[in-house]
file upload17.pdb (PDB, C-alpha atoms, pLDDT in the B column)
ATOM      1  CA  MET S 178      14.275 -18.170   3.690  1.00 45.00           C
ATOM      2  CA  LEU S 179      16.838 -20.858   2.971  1.00 44.00           C
ATOM      3  CA  ILE S 180      17.597 -19.303  -0.414  1.00 48.00           C
ATOM      4  CA  LEU S 181      18.218 -15.872   1.081  1.00 49.00           C
ATOM      5  CA  VAL S 182      20.317 -17.220   3.932  1.00 45.00           C
ATOM      6  CA  ARG S 183      22.305 -19.403   1.553  1.00 47.00           C
ATOM      7  CA  ASN S 184      22.884 -16.488  -0.834  1.00 48.00           C
ATOM      8  CA  LEU S 185      24.037 -14.298   2.050  1.00 47.00           C
ATOM      9  CA  GLU S 186      26.417 -17.050   3.169  1.00 45.00           C
ATOM     10  CA  ILE S 187      27.754 -17.453  -0.370  1.00 42.00           C
ATOM     11  CA  TYR S 188      28.131 -13.693  -0.751  1.00 43.00           C
ATOM     12  CA  LEU S 189      30.047 -13.371   2.502  1.00 43.00           C
ATOM     13  CA  SER S 190      32.184 -16.386   1.701  1.00 42.00           C
ATOM     14  CA  PHE S 191      33.045 -15.099  -1.771  1.00 39.00           C
ATOM     15  CA  MET S 192      33.822 -11.642  -0.459  1.00 44.00           C
ATOM     16  CA  GLN S 193      36.320 -13.128   1.991  1.00 46.00           C
ATOM     17  CA  ASN S 194      37.852 -15.914  -0.118  1.00 46.00           C
ATOM     18  CA  SER S 195      37.259 -15.278  -3.790  1.00 47.00           C
ATOM     19  CA  ASN S 196      39.740 -14.700  -6.551  1.00 53.00           C
ATOM     20  CA  LEU S 197      36.918 -13.757  -8.928  1.00 51.00           C
ATOM     21  CA  PRO S 198      37.152 -10.240 -10.319  1.00 58.00           C
ATOM     22  CA  GLY S 199      34.847  -7.874  -8.445  1.00 66.00           C
ATOM     23  CA  THR S 200      32.358  -7.383 -11.273  1.00 69.00           C
ATOM     24  CA  GLU S 201      32.004 -11.117 -11.880  1.00 77.00           C
ATOM     25  CA  LEU S 202      31.598 -11.726  -8.170  1.00 72.00           C
ATOM     26  CA  LEU S 203      28.841  -9.132  -7.916  1.00 74.00           C
ATOM     27  CA  LYS S 204      27.084 -10.525 -10.978  1.00 78.00           C
ATOM     28  CA  THR S 205      27.342 -14.110  -9.723  1.00 82.00           C
ATOM     29  CA  VAL S 206      26.224 -13.495  -6.160  1.00 83.00           C
ATOM     30  CA  LEU S 207      24.507 -10.148  -5.757  1.00 87.00           C
ATOM     31  CA  GLU S 208      22.317 -10.212  -8.843  1.00 90.00           C
ATOM     32  CA  PRO S 209      20.471 -13.451  -7.866  1.00 92.00           C
ATOM     33  CA  LEU S 210      20.187 -12.216  -4.287  1.00 93.00           C
ATOM     34  CA  LEU S 211      18.505  -9.009  -5.456  1.00 94.00           C
ATOM     35  CA  GLU S 212      16.169 -11.079  -7.637  1.00 95.00           C
ATOM     36  CA  ASP S 213      15.242 -13.204  -4.612  1.00 96.00           C
ATOM     37  CA  PHE S 214      14.411 -10.110  -2.556  1.00 97.00           C
ATOM     38  CA  ASP S 215      12.370  -8.728  -5.458  1.00 97.00           C
ATOM     39  CA  TYR S 216      10.362 -11.950  -5.688  1.00 97.00           C
ATOM     40  CA  TRP S 217       9.684 -12.257  -1.953  1.00 97.00           C
ATOM     41  CA  PHE S 218       8.832  -8.594  -1.474  1.00 98.00           C
ATOM     42  CA  GLY S 219       6.389  -8.930  -4.376  1.00 98.00           C
ATOM     43  CA  GLN S 220       4.786 -12.030  -2.864  1.00 98.00           C
ATOM     44  CA  SER S 221       4.527 -10.331   0.519  1.00 98.00           C
ATOM     45  CA  TYR S 222       3.046  -7.179  -0.967  1.00 98.00           C
ATOM     46  CA  GLN S 223       0.416  -9.210  -2.818  1.00 98.00           C
ATOM     47  CA  MET S 224      -0.540 -11.123   0.339  1.00 98.00           C
ATOM     48  CA  LEU S 225      -0.756  -8.017   2.516  1.00 98.00           C
ATOM     49  CA  GLU S 226      -2.691  -6.066  -0.109  1.00 97.00           C
ATOM     50  CA  THR S 227      -5.290  -8.745  -0.872  1.00 97.00           C
ATOM     51  CA  GLU S 228      -5.779 -10.828   2.297  1.00 96.00           C
ATOM     52  CA  GLN S 229      -7.558  -9.908   5.507  1.00 94.00           C
ATOM     53  CA  LEU S 230      -5.337 -11.347   8.228  1.00 96.00           C
ATOM     54  CA  SER S 231      -7.496 -12.234  11.212  1.00 95.00           C
ATOM     55  CA  PHE S 232      -4.476 -12.650  13.501  1.00 97.00           C
ATOM     56  CA  MET S 233      -3.255  -9.089  12.872  1.00 97.00           C
ATOM     57  CA  SER S 234      -4.992  -5.795  13.455  1.00 97.00           C
ATOM     58  CA  ASN S 235      -5.662  -3.674  10.399  1.00 97.00           C
ATOM     59  CA  GLN S 236      -2.993  -1.245  11.631  1.00 98.00           C
ATOM     60  CA  GLU S 237      -0.385  -4.008  12.058  1.00 98.00           C
ATOM     61  CA  GLN S 238      -1.109  -5.313   8.577  1.00 98.00           C
ATOM     62  CA  TYR S 239      -0.946  -1.816   7.109  1.00 98.00           C
ATOM     63  CA  ASP S 240       2.327  -1.082   8.912  1.00 98.00           C
ATOM     64  CA  LEU S 241       3.863  -4.297   7.578  1.00 98.00           C
ATOM     65  CA  LEU S 242       2.636  -3.443   4.088  1.00 98.00           C
ATOM     66  CA  LEU S 243       4.284  -0.010   4.360  1.00 98.00           C
ATOM     67  CA  ARG S 244       7.563  -1.609   5.446  1.00 98.00           C
ATOM     68  CA  VAL S 245       7.421  -3.961   2.451  1.00 98.00           C
ATOM     69  CA  LYS S 246       6.701  -1.037   0.098  1.00 98.00           C
ATOM     70  CA  LYS S 247       9.639   0.899   1.580  1.00 96.00           C
ATOM     71  CA  ALA S 248      11.942  -2.094   1.156  1.00 97.00           C
ATOM     72  CA  GLN S 249      10.748  -2.536  -2.438  1.00 97.00           C
ATOM     73  CA  ALA S 250      11.581   1.104  -3.161  1.00 95.00           C
ATOM     74  CA  GLU S 251      15.034   0.711  -1.614  1.00 94.00           C
ATOM     75  CA  LEU S 252      15.572  -2.489  -3.576  1.00 95.00           C
ATOM     76  CA  ASN S 253      14.532  -0.835  -6.827  1.00 94.00           C
ATOM     77  CA  SER S 254      17.023   1.968  -6.201  1.00 92.00           C
ATOM     78  CA  VAL S 255      19.795  -0.530  -5.526  1.00 91.00           C
ATOM     79  CA  LYS S 256      18.925  -2.529  -8.651  1.00 92.00           C
ATOM     80  CA  MET S 257      18.914   0.614 -10.819  1.00 90.00           C
ATOM     81  CA  LEU S 258      22.285   1.696  -9.439  1.00 88.00           C
ATOM     82  CA  PHE S 259      23.646  -1.828  -9.874  1.00 86.00           C
ATOM     83  CA  MET S 260      22.566  -1.921 -13.525  1.00 88.00           C
ATOM     84  CA  ALA S 261      23.506   1.714 -14.273  1.00 88.00           C
ATOM     85  CA  THR S 262      27.075   1.070 -13.097  1.00 84.00           C
ATOM     86  CA  ASP S 263      27.322  -2.141 -15.134  1.00 84.00           C
ATOM     87  CA  ARG S 264      27.307  -4.211 -11.948  1.00 82.00           C
ATOM     88  CA  GLN S 265      30.232  -2.298 -10.449  1.00 79.00           C
ATOM     89  CA  VAL S 266      28.678  -1.568  -7.036  1.00 78.00           C
ATOM     90  CA  GLY S 267      27.984  -3.798  -4.077  1.00 80.00           C
ATOM     91  CA  ILE S 268      25.514  -3.417  -1.271  1.00 83.00           C
ATOM     92  CA  ASN S 269      26.197  -2.888   2.383  1.00 83.00           C
ATOM     93  CA  MET S 270      25.248  -5.709   4.746  1.00 86.00           C
ATOM     94  CA  ALA S 271      23.517  -3.082   6.890  1.00 87.00           C
ATOM     95  CA  THR S 272      20.977  -2.840   4.062  1.00 88.00           C
ATOM     96  CA  LEU S 273      20.656  -6.565   3.371  1.00 91.00           C
ATOM     97  CA  ILE S 274      20.084  -7.707   6.938  1.00 93.00           C
ATOM     98  CA  PRO S 275      16.876  -5.690   7.550  1.00 95.00           C
ATOM     99  CA  TRP S 276      15.546  -6.874   4.174  1.00 96.00           C
ATOM    100  CA  HIS S 277      16.237 -10.452   5.166  1.00 96.00           C
ATOM    101  CA  GLN S 278      14.523  -9.936   8.525  1.00 97.00           C
ATOM    102  CA  LEU S 279      11.505  -8.392   6.800  1.00 98.00           C
ATOM    103  CA  VAL S 280      11.204 -11.315   4.386  1.00 97.00           C
ATOM    104  CA  ALA S 281      11.429 -13.752   7.302  1.00 97.00           C
ATOM    105  CA  GLU S 282       8.691 -11.827   9.119  1.00 98.00           C
ATOM    106  CA  CYS S 283       6.484 -11.948   6.020  1.00 98.00           C
ATOM    107  CA  TRP S 284       7.098 -15.690   5.658  1.00 97.00           C
ATOM    108  CA  SER S 285       5.943 -16.123   9.241  1.00 97.00           C
ATOM    109  CA  VAL S 286       2.753 -14.180   8.489  1.00 98.00           C
ATOM    110  CA  ALA S 287       2.152 -16.246   5.330  1.00 97.00           C
ATOM    111  CA  ARG S 288       2.650 -19.467   7.266  1.00 97.00           C
ATOM    112  CA  ARG S 289       0.073 -18.360   9.865  1.00 96.00           C
ATOM    113  CA  LEU S 290      -2.334 -17.453   7.072  1.00 96.00           C
ATOM    114  CA  ARG S 291      -1.974 -20.883   5.466  1.00 94.00           C
ATOM    115  CA  GLN S 292      -2.491 -22.618   8.819  1.00 94.00           C
ATOM    116  CA  GLY S 293      -5.772 -20.755   9.136  1.00 80.00           C
TER     117      GLY S 293
END

call {"tool": "encode", "arguments": {"input": "upload17.pdb", "output": "structure tokens"}}
result
Amino acid sequence: MLILVRNLEIYLSFMQNSNLPGTELLKTVLEPLLEDFDYWFGQSYQMLETEQLSFMSNQEQYDLLLRVKKAQAELNSVKMLFMATDRQVGINMATLIPWHQLVAECWSVARRLRQG
């Protein structure tokens, strides 16, 4: 979570105060952020697909899995657009914030799973 929060802070800070050209800014900040989301969505998907979570109903677990799959699909679309435009497009914070909240929710579930 710290990585995602830190990357969001860096992104916002750069967007407000940077003299970097737009493309370089997006490559420096947005590309690693998208990679972080990709990693954590993948980890969450794997956990929800393979573990039986005793502290969640089957429906709750399935619903969370569907939300992760939806976010992965959105992320893949953003990454394709980002690469297809040679890193010339940004991403709206209205998209990033729900992804961040979903990752935080999945981290909470993983922590409960580890605590047994």

call {"tool": "residues_around", "arguments": {"input": "upload17.pdb", "residues": "stretch 251-264 of chain S", "least_positions_apart": "3", "cutoff": "12 Å", "atoms": "only C-alpha atoms", "output": "CSV table (one decimal) with C-alpha atoms, in the frame of the given file"}}
result
chain,number,residue,atom,x,y,z
S,198,PRO,CA,37.2,-10.2,-10.3
S,199,GLY,CA,34.8,-7.9,-8.4
S,200,THR,CA,32.4,-7.4,-11.3
S,201,GLU,CA,32.0,-11.1,-11.9
S,202,LEU,CA,31.6,-11.7,-8.2
S,203,LEU,CA,28.8,-9.1,-7.9
S,204,LYS,CA,27.1,-10.5,-11.0
S,205,THR,CA,27.3,-14.1,-9.7
S,206,VAL,CA,26.2,-13.5,-6.2
S,207,LEU,CA,24.5,-10.1,-5.8
S,208,GLU,CA,22.3,-10.2,-8.8
S,209,PRO,CA,20.5,-13.5,-7.9
S,210,LEU,CA,20.2,-12.2,-4.3
S,211,LEU,CA,18.5,-9.0,-5.5
S,212,GLU,CA,16.2,-11.1,-7.6
S,213,ASP,CA,15.2,-13.2,-4.6
S,214,PHE,CA,14.4,-10.1,-2.6
S,215,ASP,CA,12.4,-8.7,-5.5
S,216,TYR,CA,10.4,-12.0,-5.7
S,217,TRP,CA,9.7,-12.3,-2.0
S,218,PHE,CA,8.8,-8.6,-1.5
S,219,GLY,CA,6.4,-8.9,-4.4
S,244,ARG,CA,7.6,-1.6,5.4
S,245,VAL,CA,7.4,-4.0,2.5
S,246,LYS,CA,6.7,-1.0,0.1
S,247,LYS,CA,9.6,0.9,1.6
S,248,ALA,CA,11.9,-2.1,1.2
S,267,GLY,CA,28.0,-3.8,-4.1
S,268,ILE,CA,25.5,-3.4,-1.3
S,269,ASN,CA,26.2,-2.9,2.4
S,272,THR,CA,21.0,-2.8,4.1
S,273,LEU,CA,20.7,-6.6,3.4
S,275,PRO,CA,16.9,-5.7,7.6
S,276,TRP,CA,15.5,-6.9,4.2
S,277,HIS,CA,16.2,-10.5,5.2

call {"tool": "residues_around", "arguments": {"input": "upload17.pdb", "residues": "S:Ala287", "least_positions_apart": "5", "cutoff": "9 Å", "atoms": "only C-alpha atoms", "output": "ChimeraX atom specification"}}
result
/S:221,224,282,292

call {"tool": "atom_distance", "arguments": {"input": "upload17.pdb", "atom1": "atom CA of S:Glu226", "atom2": "atom CA of S:Ala271"}}
result
27.3 Å

call {"tool": "atom_distance", "arguments": {"input": "upload17.pdb", "atom1": "atom CA of S:Gln229", "atom2": "atom CA of S:Ile274"}}
result
27.8 Å

call {"tool": "atom_distance", "arguments": {"input": "upload17.pdb", "atom1": "atom CA of S:Tyr239", "atom2": "atom CA of S:Leu225"}}
result
7.7 Å

call {"tool": "closest_residue", "arguments": {"input": "upload17.pdb", "among": "S:Ser285, S:Ser231, S:Tyr222, S:Gly293", "to": "S:Gln249", "atoms": "all atoms listed in the file"}}
result
S:Tyr222

call {"tool": "closest_residue", "arguments": {"input": "upload17.pdb", "among": "S:Val280, S:Leu243, S:Leu290, S:Met270", "to": "S:Glu228", "atoms": "only C-alpha atoms"}}
result
S:Leu290

call {"tool": "closest_residue", "arguments": {"input": "upload17.pdb", "among": "S:Met233, S:Arg291, S:Cys283, S:Gln278", "to": "S:Gln220", "atoms": "all atoms listed in the file"}}
result
S:Cys283
